[in-house]
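*Asks:* My structure is stored as structure.pdb, with PDB, C-alpha atoms.
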MODEL        1
ATOM      1  CA  MET A 418      37.728  13.382  37.115  1.00  0.00           C
ATOM      2  CA  ASN A 419      39.116  12.278  33.785  1.00  0.00           C
ATOM      3  CA  MET A 420      41.287  14.773  31.956  1.00  0.00           C
ATOM      4  CA  LYS A 421      40.033  15.441  28.422  1.00  0.00           C
ATOM      5  CA  THR A 422      42.067  16.192  25.310  1.00  0.00           C
ATOM      6  CA  GLU A 423      41.366  19.300  23.253  1.00  0.00           C
ATOM      7  CA  ARG A 424      39.983  17.098  20.467  1.00  0.00           C
ATOM      8  CA  GLU A 425      37.590  15.424  22.912  1.00  0.00           C
ATOM      9  CA  ARG A 426      36.454  18.832  24.166  1.00  0.00           C
ATOM     10  CA  GLN A 427      35.776  20.124  20.661  1.00  0.00           C
ATOM     11  CA  GLU A 428      33.908  16.979  19.667  1.00  0.00           C
ATOM     12  CA  ALA A 429      31.833  17.161  22.839  1.00  0.00           C
ATOM     13  CA  LEU A 430      31.073  20.862  22.279  1.00  0.00           C
ATOM     14  CA  HIS A 431      29.809  20.139  18.757  1.00  0.00           C
ATOM     15  CA  HIS A 432      27.799  17.200  20.042  1.00  0.00           C
ATOM     16  CA  PHE A 433      26.174  19.049  22.954  1.00  0.00           C
ATOM     17  CA  ASN A 434      25.223  21.952  20.705  1.00  0.00           C
ATOM     18  CA  GLN A 435      23.474  19.502  18.387  1.00  0.00           C
ATOM     19  CA  MET A 436      21.507  17.826  21.156  1.00  0.00           C
ATOM     20  CA  ALA A 437      20.284  20.895  23.072  1.00  0.00           C
ATOM     21  CA  ASP A 438      16.582  20.113  22.636  1.00  0.00           C
ATOM     22  CA  TYR A 439      16.953  16.418  23.449  1.00  0.00           C
ATOM     23  CA  TYR A 440      18.974  17.161  26.581  1.00  0.00           C
ATOM     24  CA  ASP A 441      16.343  19.493  28.036  1.00  0.00           C
ATOM     25  CA  ASP A 442      13.457  17.179  27.269  1.00  0.00           C
ATOM     26  CA  TYR A 443      14.823  13.738  28.088  1.00  0.00           C
ATOM     27  CA  ARG A 444      17.666  13.966  30.620  1.00  0.00           C
ATOM     28  CA  PRO A 445      16.642  13.417  34.264  1.00  0.00           C
ATOM     29  CA  ASP A 446      16.199  16.486  36.427  1.00  0.00           C
ATOM     30  CA  TYR A 447      18.231  16.860  39.607  1.00  0.00           C
ATOM     31  CA  PRO A 448      16.542  15.952  42.905  1.00  0.00           C
ATOM     32  CA  ASP A 449      15.024  18.861  44.800  1.00  0.00           C
ATOM     33  CA  GLU A 450      16.843  17.556  47.887  1.00  0.00           C
ATOM     34  CA  LEU A 451      20.184  18.011  46.116  1.00  0.00           C
ATOM     35  CA  VAL A 452      19.372  21.610  45.227  1.00  0.00           C
ATOM     36  CA  LYS A 453      18.139  22.339  48.761  1.00  0.00           C
ATOM     37  CA  THR A 454      21.275  20.765  50.257  1.00  0.00           C
ATOM     38  CA  ILE A 455      23.540  23.064  48.236  1.00  0.00           C
ATOM     39  CA  ILE A 456      21.513  26.141  49.147  1.00  0.00           C
ATOM     40  CA  ASP A 457      21.367  25.265  52.848  1.00  0.00           C
ATOM     41  CA  LYS A 458      24.985  24.138  53.246  1.00  0.00           C
ATOM     42  CA  ALA A 459      26.342  27.150  51.353  1.00  0.00           C
ATOM     43  CA  GLY A 460      24.012  29.552  53.171  1.00  0.00           C
ATOM     44  CA  LEU A 461      22.613  31.002  49.943  1.00  0.00           C
ATOM     45  CA  THR A 462      19.826  33.552  50.231  1.00  0.00           C
ATOM     46  CA  THR A 463      18.081  36.075  48.004  1.00  0.00           C
ATOM     47  CA  GLY A 464      20.766  38.168  46.352  1.00  0.00           C
ATOM     48  CA  SER A 465      23.533  35.582  46.744  1.00  0.00           C
ATOM     49  CA  LYS A 466      25.882  35.348  43.780  1.00  0.00           C
ATOM     50  CA  ALA A 467      26.382  31.999  42.030  1.00  0.00           C
ATOM     51  CA  LEU A 468      28.504  30.987  39.059  1.00  0.00           C
ATOM     52  CA  GLU A 469      27.599  27.905  37.035  1.00  0.00           C
ATOM     53  CA  ILE A 470      30.241  26.119  34.950  1.00  0.00           C
ATOM     54  CA  GLY A 471      29.076  24.266  31.839  1.00  0.00           C
ATOM     55  CA  ALA A 472      25.462  25.372  32.200  1.00  0.00           C
ATOM     56  CA  GLY A 473      24.344  24.037  28.822  1.00  0.00           C
ATOM     57  CA  SER A 474      20.887  25.346  28.052  1.00  0.00           C
ATOM     58  CA  GLY A 475      20.004  25.657  31.732  1.00  0.00           C
ATOM     59  CA  LYS A 476      18.881  22.153  32.752  1.00  0.00           C
ATOM     60  CA  ALA A 477      20.267  22.501  36.290  1.00  0.00           C
ATOM     61  CA  THR A 478      20.060  26.312  36.266  1.00  0.00           C
ATOM     62  CA  ALA A 479      16.273  26.085  36.152  1.00  0.00           C
ATOM     63  CA  GLN A 480      16.196  24.401  39.553  1.00  0.00           C
ATOM     64  CA  PHE A 481      18.039  27.355  41.135  1.00  0.00           C
ATOM     65  CA  ALA A 482      16.294  30.064  39.115  1.00  0.00           C
ATOM     66  CA  ASP A 483      13.453  30.942  41.487  1.00  0.00           C
ATOM     67  CA  PHE A 484      15.503  31.598  44.642  1.00  0.00           C
ATOM     68  CA  GLY A 485      16.474  35.152  43.750  1.00  0.00           C
ATOM     69  CA  PHE A 486      20.194  34.510  43.184  1.00  0.00           C
ATOM     70  CA  GLU A 487      22.335  36.496  40.804  1.00  0.00           C
ATOM     71  CA  MET A 488      23.617  33.784  38.454  1.00  0.00           C
ATOM     72  CA  VAL A 489      26.347  33.884  35.835  1.00  0.00           C
ATOM     73  CA  CYS A 490      26.292  30.820  33.596  1.00  0.00           C
ATOM     74  CA  ILE A 491      29.389  29.923  31.591  1.00  0.00           C
ATOM     75  CA  GLU A 492      28.735  27.781  28.518  1.00  0.00           C
ATOM     76  CA  PRO A 493      31.061  27.296  25.513  1.00  0.00           C
ATOM     77  CA  GLY A 494      28.258  26.176  23.162  1.00  0.00           C
ATOM     78  CA  ALA A 495      26.704  29.218  21.502  1.00  0.00           C
ATOM     79  CA  ASP A 496      23.463  27.420  20.607  1.00  0.00           C
ATOM     80  CA  LEU A 497      23.076  26.089  24.132  1.00  0.00           C
ATOM     81  CA  ALA A 498      23.797  29.486  25.686  1.00  0.00           C
ATOM     82  CA  GLU A 499      21.296  31.187  23.391  1.00  0.00           C
ATOM     83  CA  LYS A 500      18.609  28.741  24.448  1.00  0.00           C
ATOM     84  CA  GLY A 501      19.508  29.274  28.103  1.00  0.00           C
ATOM     85  CA  SER A 502      19.366  33.045  27.781  1.00  0.00           C
ATOM     86  CA  GLY A 503      15.921  32.824  26.251  1.00  0.00           C
ATOM     87  CA  ARG A 504      14.392  30.667  28.951  1.00  0.00           C
ATOM     88  CA  PHE A 505      15.360  32.911  31.901  1.00  0.00           C
ATOM     89  CA  LYS A 506      14.278  36.299  30.643  1.00  0.00           C
ATOM     90  CA  GLY A 507      13.264  38.596  33.475  1.00  0.00           C
ATOM     91  CA  LYS A 508      15.540  36.875  35.982  1.00  0.00           C
ATOM     92  CA  ASN A 509      18.982  37.945  37.159  1.00  0.00           C
ATOM     93  CA  ILE A 510      20.593  35.131  35.181  1.00  0.00           C
ATOM     94  CA  ARG A 511      23.192  35.841  32.519  1.00  0.00           C
ATOM     95  CA  PHE A 512      24.785  33.397  30.050  1.00  0.00           C
ATOM     96  CA  ILE A 513      28.320  33.961  28.763  1.00  0.00           C
ATOM     97  CA  VAL A 514      29.617  32.019  25.765  1.00  0.00           C
ATOM     98  CA  SER A 515      33.073  30.911  26.853  1.00  0.00           C
ATOM     99  CA  ARG A 516      35.103  28.006  28.078  1.00  0.00           C
ATOM    100  CA  PHE A 517      35.548  28.388  31.820  1.00  0.00           C
ATOM    101  CA  GLU A 518      39.313  28.334  31.305  1.00  0.00           C
ATOM    102  CA  ASP A 519      39.001  31.505  29.171  1.00  0.00           C
ATOM    103  CA  TYR A 520      36.498  33.321  31.385  1.00  0.00           C
ATOM    104  CA  ALA A 521      37.816  36.474  33.079  1.00  0.00           C
ATOM    105  CA  GLU A 522      36.470  35.708  36.528  1.00  0.00           C
ATOM    106  CA  PRO A 523      35.906  38.553  39.005  1.00  0.00           C
ATOM    107  CA  ARG A 524      38.001  37.990  42.114  1.00  0.00           C
ATOM    108  CA  GLU A 525      36.267  36.926  45.329  1.00  0.00           C
ATOM    109  CA  TYR A 526      32.823  37.760  43.950  1.00  0.00           C
ATOM    110  CA  PHE A 527      30.738  34.591  44.135  1.00  0.00           C
ATOM    111  CA  ASP A 528      29.218  32.897  47.171  1.00  0.00           C
ATOM    112  CA  ALA A 529      29.025  29.549  45.380  1.00  0.00           C
ATOM    113  CA  ILE A 530      30.137  27.868  42.167  1.00  0.00           C
ATOM    114  CA  LEU A 531      28.012  25.085  40.699  1.00  0.00           C
ATOM    115  CA  SER A 532      28.696  22.559  37.987  1.00  0.00           C
ATOM    116  CA  ALA A 533      26.210  19.873  36.952  1.00  0.00           C
ATOM    117  CA  GLN A 534      27.410  17.000  34.800  1.00  0.00           C
ATOM    118  CA  ALA A 535      30.234  19.161  33.420  1.00  0.00           C
ATOM    119  CA  PHE A 536      33.231  19.694  35.704  1.00  0.00           C
ATOM    120  CA  HIS A 537      35.174  16.755  34.252  1.00  0.00           C
ATOM    121  CA  TRP A 538      35.553  18.812  31.056  1.00  0.00           C
ATOM    122  CA  VAL A 539      37.433  21.599  32.857  1.00  0.00           C
ATOM    123  CA  GLU A 540      41.224  21.615  32.519  1.00  0.00           C
ATOM    124  CA  GLN A 541      43.179  21.263  35.736  1.00  0.00           C
ATOM    125  CA  PRO A 542      44.842  22.743  37.706  1.00  0.00           C
ATOM    126  CA  ILE A 543      43.562  25.961  36.116  1.00  0.00           C
ATOM    127  CA  GLY A 544      39.947  25.029  36.854  1.00  0.00           C
ATOM    128  CA  PHE A 545      40.388  24.826  40.605  1.00  0.00           C
ATOM    129  CA  GLU A 546      42.588  27.927  40.568  1.00  0.00           C
ATOM    130  CA  LYS A 547      39.947  29.997  38.768  1.00  0.00           C
ATOM    131  CA  CYS A 548      37.220  28.696  41.077  1.00  0.00           C
ATOM    132  CA  ALA A 549      39.267  29.724  44.120  1.00  0.00           C
ATOM    133  CA  ASN A 550      39.928  33.142  42.591  1.00  0.00           C
ATOM    134  CA  ALA A 551      36.238  33.724  41.881  1.00  0.00           C
ATOM    135  CA  LEU A 552      34.889  32.590  45.256  1.00  0.00           C
ATOM    136  CA  LYS A 553      34.642  34.722  48.337  1.00  0.00           C
ATOM    137  CA  LYS A 554      36.624  33.484  51.321  1.00  0.00           C
ATOM    138  CA  GLY A 555      34.801  30.442  52.656  1.00  0.00           C
ATOM    139  CA  GLY A 556      32.676  30.177  49.497  1.00  0.00           C
ATOM    140  CA  TYR A 557      31.458  26.787  48.303  1.00  0.00           C
ATOM    141  CA  LEU A 558      32.179  24.724  45.209  1.00  0.00           C
ATOM    142  CA  ALA A 559      29.358  22.260  44.475  1.00  0.00           C
ATOM    143  CA  ILE A 560      29.976  19.803  41.653  1.00  0.00           C
ATOM    144  CA  PHE A 561      27.522  17.040  40.919  1.00  0.00           C
ATOM    145  CA  TRP A 562      26.733  14.277  38.466  1.00  0.00           C
ATOM    146  CA  HIS A 563      24.290  11.448  38.017  1.00  0.00           C
ATOM    147  CA  GLN A 564      25.320   7.890  37.216  1.00  0.00           C
ATOM    148  CA  ASP A 565      23.351   4.831  36.162  1.00  0.00           C
ATOM    149  CA  PHE A 566      25.051   1.827  37.761  1.00  0.00           C
ATOM    150  CA  PHE A 567      25.229  -1.295  35.619  1.00  0.00           C
ATOM    151  CA  ARG A 568      25.451  -4.494  37.628  1.00  0.00           C
ATOM    152  CA  ARG A 569      26.967  -7.341  35.668  1.00  0.00           C
ATOM    153  CA  GLU A 570      25.114  -9.987  37.683  1.00  0.00           C
ATOM    154  CA  PHE A 571      21.729  -8.859  36.283  1.00  0.00           C
ATOM    155  CA  ASN A 572      20.647  -9.982  32.809  1.00  0.00           C
ATOM    156  CA  LEU A 573      18.778  -6.729  32.131  1.00  0.00           C
ATOM    157  CA  ASP A 574      21.860  -4.653  32.896  1.00  0.00           C
ATOM    158  CA  ARG A 575      24.166  -6.752  30.728  1.00  0.00           C
ATOM    159  CA  GLU A 576      21.763  -6.724  27.790  1.00  0.00           C
ATOM    160  CA  LEU A 577      21.088  -3.003  28.100  1.00  0.00           C
ATOM    161  CA  MET A 578      24.812  -2.232  28.273  1.00  0.00           C
ATOM    162  CA  ALA A 579      25.330  -4.269  25.096  1.00  0.00           C
ATOM    163  CA  ILE A 580      22.705  -2.174  23.288  1.00  0.00           C
ATOM    164  CA  VAL A 581      24.182   1.097  24.592  1.00  0.00           C
ATOM    165  CA  ASP A 582      27.694   0.071  23.514  1.00  0.00           C
ATOM    166  CA  LYS A 583      26.546  -1.197  20.136  1.00  0.00           C
ATOM    167  CA  HIS A 584      24.782   2.051  19.254  1.00  0.00           C
ATOM    168  CA  ASN A 585      27.140   4.501  21.009  1.00  0.00           C
ATOM    169  CA  GLY A 586      24.386   5.734  23.299  1.00  0.00           C
ATOM    170  CA  TRP A 587      26.668   7.836  25.531  1.00  0.00           C
ATOM    171  CA  VAL A 588      24.391   7.558  28.561  1.00  0.00           C
ATOM    172  CA  SER A 589      25.789   8.369  32.015  1.00  0.00           C
ATOM    173  CA  CYS A 590      26.602   4.869  33.167  1.00  0.00           C
ATOM    174  CA  MET A 591      29.356   2.894  34.841  1.00  0.00           C
ATOM    175  CA  PRO A 592      29.873  -0.527  36.419  1.00  0.00           C
ATOM    176  CA  GLU A 593      28.898  -0.362  40.073  1.00  0.00           C
ATOM    177  CA  GLU A 594      32.182  -1.888  41.238  1.00  0.00           C
ATOM    178  CA  ASP A 595      34.141   1.011  39.707  1.00  0.00           C
ATOM    179  CA  TYR A 596      32.346   3.660  41.753  1.00  0.00           C
ATOM    180  CA  PRO A 597      34.556   3.715  44.890  1.00  0.00           C
ATOM    181  CA  LYS A 598      37.604   4.454  42.708  1.00  0.00           C
ATOM    182  CA  ARG A 599      35.706   7.293  41.057  1.00  0.00           C
ATOM    183  CA  MET A 600      34.868   8.907  44.414  1.00  0.00           C
ATOM    184  CA  GLU A 601      38.459   8.525  45.561  1.00  0.00           C
ATOM    185  CA  SER A 602      39.824  10.048  42.356  1.00  0.00           C
ATOM    186  CA  ILE A 603      37.535  13.092  42.471  1.00  0.00           C
ATOM    187  CA  THR A 604      38.280  13.634  46.167  1.00  0.00           C
ATOM    188  CA  LEU A 605      42.034  13.432  45.575  1.00  0.00           C
ATOM    189  CA  ASN A 606      41.779  15.969  42.751  1.00  0.00           C
ATOM    190  CA  ILE A 607      39.887  18.442  44.939  1.00  0.00           C
ATOM    191  CA  VAL A 608      42.158  18.051  47.963  1.00  0.00           C
ATOM    192  CA  GLY A 609      45.278  17.919  45.779  1.00  0.00           C
ATOM    193  CA  SER A 610      44.518  21.370  44.436  1.00  0.00           C
ATOM    194  CA  GLY A 611      45.505  22.732  47.846  1.00  0.00           C
ATOM    195  CA  LEU A 612      42.711  25.283  47.500  1.00  0.00           C
ATOM    196  CA  PHE A 613      39.663  23.474  48.885  1.00  0.00           C
ATOM    197  CA  THR A 614      38.655  21.359  51.856  1.00  0.00           C
ATOM    198  CA  LYS A 615      38.101  17.622  51.609  1.00  0.00           C
ATOM    199  CA  PRO A 616      34.649  17.387  50.015  1.00  0.00           C
ATOM    200  CA  GLU A 617      31.546  16.169  51.726  1.00  0.00           C
ATOM    201  CA  ILE A 618      30.057  13.576  49.358  1.00  0.00           C
ATOM    202  CA  ILE A 619      26.276  13.393  49.525  1.00  0.00           C
ATOM    203  CA  HIS A 620      24.189  10.858  47.617  1.00  0.00           C
ATOM    204  CA  PHE A 621      20.662  11.011  46.220  1.00  0.00           C
ATOM    205  CA  TYR A 622      18.651   8.481  44.211  1.00  0.00           C
ATOM    206  CA  TRP A 623      15.924   8.350  41.591  1.00  0.00           C
ATOM    207  CA  GLU A 624      14.293   5.164  40.310  1.00  0.00           C
ATOM    208  CA  HIS A 625      12.341   4.924  37.084  1.00  0.00           C
ATOM    209  CA  ASN A 626      10.936   2.125  34.963  1.00  0.00           C
ATOM    210  CA  PHE A 627      11.534   3.391  31.426  1.00  0.00           C
ATOM    211  CA  SER A 628       9.466   2.367  28.458  1.00  0.00           C
ATOM    212  CA  ALA A 629      11.485   1.505  25.351  1.00  0.00           C
ATOM    213  CA  ASP A 630      10.527   4.864  23.828  1.00  0.00           C
ATOM    214  CA  GLU A 631      11.582   6.792  26.948  1.00  0.00           C
ATOM    215  CA  TYR A 632      14.961   5.095  27.111  1.00  0.00           C
ATOM    216  CA  PHE A 633      15.506   5.596  23.380  1.00  0.00           C
ATOM    217  CA  ARG A 634      14.885   9.319  23.820  1.00  0.00           C
ATOM    218  CA  TYR A 635      17.258   9.343  26.782  1.00  0.00           C
ATOM    219  CA  MET A 636      19.912   7.731  24.575  1.00  0.00           C
ATOM    220  CA  LEU A 637      19.300  10.457  21.981  1.00  0.00           C
ATOM    221  CA  THR A 638      20.776  12.938  24.465  1.00  0.00           C
ATOM    222  CA  GLY A 639      24.108  11.219  23.871  1.00  0.00           C
ATOM    223  CA  ASN A 640      23.776  10.418  20.181  1.00  0.00           C
ATOM    224  CA  THR A 641      21.266  12.239  17.995  1.00  0.00           C
ATOM    225  CA  SER A 642      21.792   9.863  15.045  1.00  0.00           C
ATOM    226  CA  LEU A 643      20.517   6.644  16.623  1.00  0.00           C
ATOM    227  CA  GLU A 644      18.817   4.349  14.144  1.00  0.00           C
ATOM    228  CA  GLN A 645      15.488   2.553  14.326  1.00  0.00           C
ATOM    229  CA  ALA A 646      17.297  -0.729  14.991  1.00  0.00           C
ATOM    230  CA  CYS A 647      18.263   0.600  18.423  1.00  0.00           C
ATOM    231  CA  HIS A 648      14.637   1.386  19.223  1.00  0.00           C
ATOM    232  CA  GLU A 649      13.600  -2.097  18.128  1.00  0.00           C
ATOM    233  CA  GLU A 650      16.201  -3.732  20.383  1.00  0.00           C
ATOM    234  CA  LEU A 651      15.087  -1.614  23.334  1.00  0.00           C
ATOM    235  CA  THR A 652      11.461  -2.561  22.622  1.00  0.00           C
ATOM    236  CA  GLN A 653      12.333  -6.237  22.762  1.00  0.00           C
ATOM    237  CA  LEU A 654      14.286  -5.705  25.968  1.00  0.00           C
ATOM    238  CA  ALA A 655      11.389  -3.839  27.620  1.00  0.00           C
ATOM    239  CA  GLN A 656       8.962  -6.584  26.622  1.00  0.00           C
ATOM    240  CA  THR A 657      11.236  -9.240  28.125  1.00  0.00           C
ATOM    241  CA  TYR A 658      11.725  -7.450  31.464  1.00  0.00           C
ATOM    242  CA  ASN A 659       8.440  -5.548  31.771  1.00  0.00           C
ATOM    243  CA  GLY A 660      10.145  -2.206  31.226  1.00  0.00           C
ATOM    244  CA  ILE A 661      13.713  -0.958  31.584  1.00  0.00           C
ATOM    245  CA  LYS A 662      14.189  -0.451  35.313  1.00  0.00           C
ATOM    246  CA  ARG A 663      16.987   1.933  36.287  1.00  0.00           C
ATOM    247  CA  LYS A 664      18.179   3.521  39.527  1.00  0.00           C
ATOM    248  CA  PHE A 665      20.046   6.784  39.020  1.00  0.00           C
ATOM    249  CA  HIS A 666      22.674   7.653  41.596  1.00  0.00           C
ATOM    250  CA  TYR A 667      23.290  11.382  42.082  1.00  0.00           C
ATOM    251  CA  GLU A 668      26.579  12.400  43.682  1.00  0.00           C
ATOM    252  CA  LEU A 669      27.252  15.859  45.122  1.00  0.00           C
ATOM    253  CA  TYR A 670      30.788  16.904  46.051  1.00  0.00           C
ATOM    254  CA  LEU A 671      30.522  19.917  48.337  1.00  0.00           C
ATOM    255  CA  THR A 672      33.770  21.652  49.258  1.00  0.00           C
ATOM    256  CA  GLN A 673      34.765  25.007  50.717  1.00  0.00           C
ATOM    257  CA  LYS A 674      37.467  27.428  49.650  1.00  0.00           C
ATOM    258  CA  LEU A 675      40.355  27.446  52.097  1.00  0.00           C
TER
ENDMDL
END
Can you turn what I pasted into structure tokens?
*Replies:*
Amino acid sequence: MNMKTERERQEALHHFNQMADYYDDYRPDYPDELVKTIIDKAGLTTGSKALEIGAGSGKATAQFADFGFEMVCIEPGADLAEKGSGRFKGKNIRFIVSRFEDYAEPREYFDAILSAQAFHWVEQPIGFEKCANALKKGGYLAIFWHQDFFRREFNLDRELMAIVDKHNGWVSCMPEEDYPKRMESITLNIVGSGLFTKPEIIHFYWEHNFSADEYFRYMLTGNTSLEQACHEELTQLAQTYNGIKRKFHYELYLTQKL
């Protein structure tokens, strides 16, 4: 997990607030198997208590919303939190506008803590310390992301990466060869906290052949000011390769409080 500066956090907060609608509409959902794995491994049942860190407007929250959990969702973006609060009316789901680092967590209250596409923004070591404080003994921390691997040996991947870089698309991507170092780094951070077990890393996949318009809208989730030139370049790319074929790699790090 990369440590972020305060400036980076503030810029990201402003950015995510701006793109709330795009994020909900165009970012990939999380696989049902991933959600089921968390619920089964953590032993969550109706009435279980879950905390979500960096919930945004509830993209991942929605996939846990119908299981009868009590959920507290921490989100520093006021616009995002307002949207999240509105979509889960009538459910035992509460949004709190706060950075997780500033949240006054109840001690040993939650059965599980979740964080989708967000835990790298949490300051450490305070993040792990607050998670351990908030979890019941033996409670689970489940942090997960999705990545789009770019393989340099494929023309489509190289050309798509060039477009993304040129237009500051901010999509969730990385070179495939860098992935083992990422897993090692995240694992070392979790274990190094001294508060959690070595994580079980579980992988899930989703393949999709994007149209140029679909991929442009996906890029809008990272940069809401993309210009028409970007769309035109994606259109040419999709025509050349009969679509923009991507395979998303979902990674779940599941660890237990010591």
*Asks:* Which centre and which edge lengths, in Å to one decimal, describe the axis-aligned box that holds all listed atoms of stretch 525-544 of chain A after 3 Å is added on each side, as JSON?
*Replies:*
{"center_x": 35.5, "center_y": 27.3, "center_z": 39.1, "size_x": 24.6, "size_y": 27.0, "size_z": 22.1}
*Asks:* Could you check the closest approach to A:Ala579 for each of A:Cys647, A:Ala559, A:Ile607, A:Leu669 and tell me which residue wins, using all atoms listed in the file?
*Replies:*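 Result for the nearest residue to A:Ala579: A:Cys647.
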*Asks:* To test your reading of the syntax: which residues would the PyMOL selection byres ((chain A and resi 504-519) around 9) return for the file shown? Reply as a VMD selection string.
*Replies:* chain A and resid 470 to 472 474 to 475 478 to 479 482 to 483 485 to 495 497 to 503 520 to 522 539 to 540 543 to 544 547
*Asks:* Okay, now the selection with C-alpha atoms, as a PDB file, in the coordinates of the input?
*Replies:*
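Once everything was written out, this is again15.pdb:
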ATOM      1  CA  ILE A 470      30.241  26.119  34.950  1.00  0.00           C
ATOM      2  CA  GLY A 471      29.076  24.266  31.839  1.00  0.00           C
ATOM      3  CA  ALA A 472      25.462  25.372  32.200  1.00  0.00           C
ATOM      4  CA  SER A 474      20.887  25.346  28.052  1.00  0.00           C
ATOM      5  CA  GLY A 475      20.004  25.657  31.732  1.00  0.00           C
ATOM      6  CA  THR A 478      20.060  26.312  36.266  1.00  0.00           C
ATOM      7  CA  ALA A 479      16.273  26.085  36.152  1.00  0.00           C
ATOM      8  CA  ALA A 482      16.294  30.064  39.115  1.00  0.00           C
ATOM      9  CA  ASP A 483      13.453  30.942  41.487  1.00  0.00           C
ATOM     10  CA  GLY A 485      16.474  35.152  43.750  1.00  0.00           C
ATOM     11  CA  PHE A 486      20.194  34.510  43.184  1.00  0.00           C
ATOM     12  CA  GLU A 487      22.335  36.496  40.804  1.00  0.00           C
ATOM     13  CA  MET A 488      23.617  33.784  38.454  1.00  0.00           C
ATOM     14  CA  VAL A 489      26.347  33.884  35.835  1.00  0.00           C
ATOM     15  CA  CYS A 490      26.292  30.820  33.596  1.00  0.00           C
ATOM     16  CA  ILE A 491      29.389  29.923  31.591  1.00  0.00           C
ATOM     17  CA  GLU A 492      28.735  27.781  28.518  1.00  0.00           C
ATOM     18  CA  PRO A 493      31.061  27.296  25.513  1.00  0.00           C
ATOM     19  CA  GLY A 494      28.258  26.176  23.162  1.00  0.00           C
ATOM     20  CA  ALA A 495      26.704  29.218  21.502  1.00  0.00           C
ATOM     21  CA  LEU A 497      23.076  26.089  24.132  1.00  0.00           C
ATOM     22  CA  ALA A 498      23.797  29.486  25.686  1.00  0.00           C
ATOM     23  CA  GLU A 499      21.296  31.187  23.391  1.00  0.00           C
ATOM     24  CA  LYS A 500      18.609  28.741  24.448  1.00  0.00           C
ATOM     25  CA  GLY A 501      19.508  29.274  28.103  1.00  0.00           C
ATOM     26  CA  SER A 502      19.366  33.045  27.781  1.00  0.00           C
ATOM     27  CA  GLY A 503      15.921  32.824  26.251  1.00  0.00           C
ATOM     28  CA  TYR A 520      36.498  33.321  31.385  1.00  0.00           C
ATOM     29  CA  ALA A 521      37.816  36.474  33.079  1.00  0.00           C
ATOM     30  CA  GLU A 522      36.470  35.708  36.528  1.00  0.00           C
ATOM     31  CA  VAL A 539      37.433  21.599  32.857  1.00  0.00           C
ATOM     32  CA  GLU A 540      41.224  21.615  32.519  1.00  0.00           C
ATOM     33  CA  ILE A 543      43.562  25.961  36.116  1.00  0.00           C
ATOM     34  CA  GLY A 544      39.947  25.029  36.854  1.00  0.00           C
ATOM     35  CA  LYS A 547      39.947  29.997  38.768  1.00  0.00           C
TER      36      LYS A 547
END
*Asks:* For the file shown, what are the residues hit by the PyMOL selection byres ((chain A and resi 633-645) around 8), laid out as number ranges by chain?
*Replies:* A: 432, 435-436, 439-440, 443-444, 581, 584-588, 629-632, 646-649, 651
*Asks:* Between atom CA of A:Gln480 and atom CA of A:Cys590, what is the spacing in Å?
*Replies:* 23.0 Å
*Asks:* Taking only C-alpha atoms into account, which of A:Gly473, A:Asp595, A:Ser465, A:Asp582 comes nearest A:Tyr526?
*Replies:*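 When distances to A:Tyr526 are compared using only C-alpha atoms, the smallest one comes from A:Ser465.
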*Asks:* Using all atoms listed in the file, which protein or nucleic acid residues come within 10 Å of A:Arg569? Drop anything in the same chain fewer than 6 positions from it, and give the result as a VMD selection string.
*Replies:* chain A and resid 575 to 576 578 592 to 594
*Asks:* Run the PyMOL selection byres ((chain A and resi 604) around 12) against the file shown and list the residues it catches, as number ranges by chain.
*Replies:* A: 418, 560, 597-603, 605-611, 613-618, 669-672
*Asks:* At what distance in Å, to one decimal, does atom CA of A:Lys583 lie from atom CA of A:Tyr667?
*Replies:*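 Rounded to one decimal, the two atoms are 25.5 Å apart.
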*Asks:* Taking into account all atoms listed in the file, which residue in the set A:His666, A:Asp496, A:Leu612, A:Asp449 is nearest to A:Phe545?
*Replies:*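 Among the listed residues, A:Leu612 lies closest to A:Phe545.
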*Asks:* For A:Phe627, please output as a list in words all residues within 7 Å (counting only C-alpha atoms; exclusion window: fewer than 5 positions along the same chain).
*Replies:*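 Listing them by chain and then by number gives Tyr632, Gly660, Ile661 and Lys662 of chain A.
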*Asks:* Keeping only C-alpha atoms, write the selected residues to a file as a compact mmCIF listing (two decimals), in the frame of the given file.
*Replies:*
# COMPACT_ATOMS: atom_id res chain seq x y z
CA TYR A 632 14.96 5.10 27.11
CA GLY A 660 10.14 -2.21 31.23
CA ILE A 661 13.71 -0.96 31.58
CA LYS A 662 14.19 -0.45 35.31
*Asks:* Expressed in Å to a single decimal, how great is the separation between atom CA of A:Gly460 and atom CA of A:Glu525?
*Replies:*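 Atom-to-atom, atom CA of A:Gly460 to atom CA of A:Glu525, that is 16.3 Å.
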*Asks:* Which neighbours of A:Ala459 fall inside 12 Å, counting only C-alpha atoms, when residues of the same chain fewer than 6 positions from it are skipped, and could you give them as JSON, numbers by chain?
*Replies:* {"A": [452, 453, 465, 466, 467, 527, 528, 529, 530, 531, 552, 553, 555, 556, 557, 558, 559, 671, 672, 673, 674]}
*Asks:* Which one of A:His563, A:Arg524, A:His537, A:Arg663 sits closest to A:Ala549 if you count only C-alpha atoms?
*Replies:*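 Among the listed residues, the smallest separation from A:Ala549 belongs to A:Arg524.
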*Asks:* What's the 6 Å shell around A:Glu668, counting only C-alpha atoms, without same-chain residues fewer than 6 positions away, as a tab-separated table (two decimals) with C-alpha atoms, in the coordinates of the input?
*Replies:*
chain	number	residue	atom	x	y	z
A	561	PHE	CA	27.52	17.04	40.92
A	562	TRP	CA	26.73	14.28	38.47
A	619	ILE	CA	26.28	13.39	49.52
A	620	HIS	CA	24.19	10.86	47.62
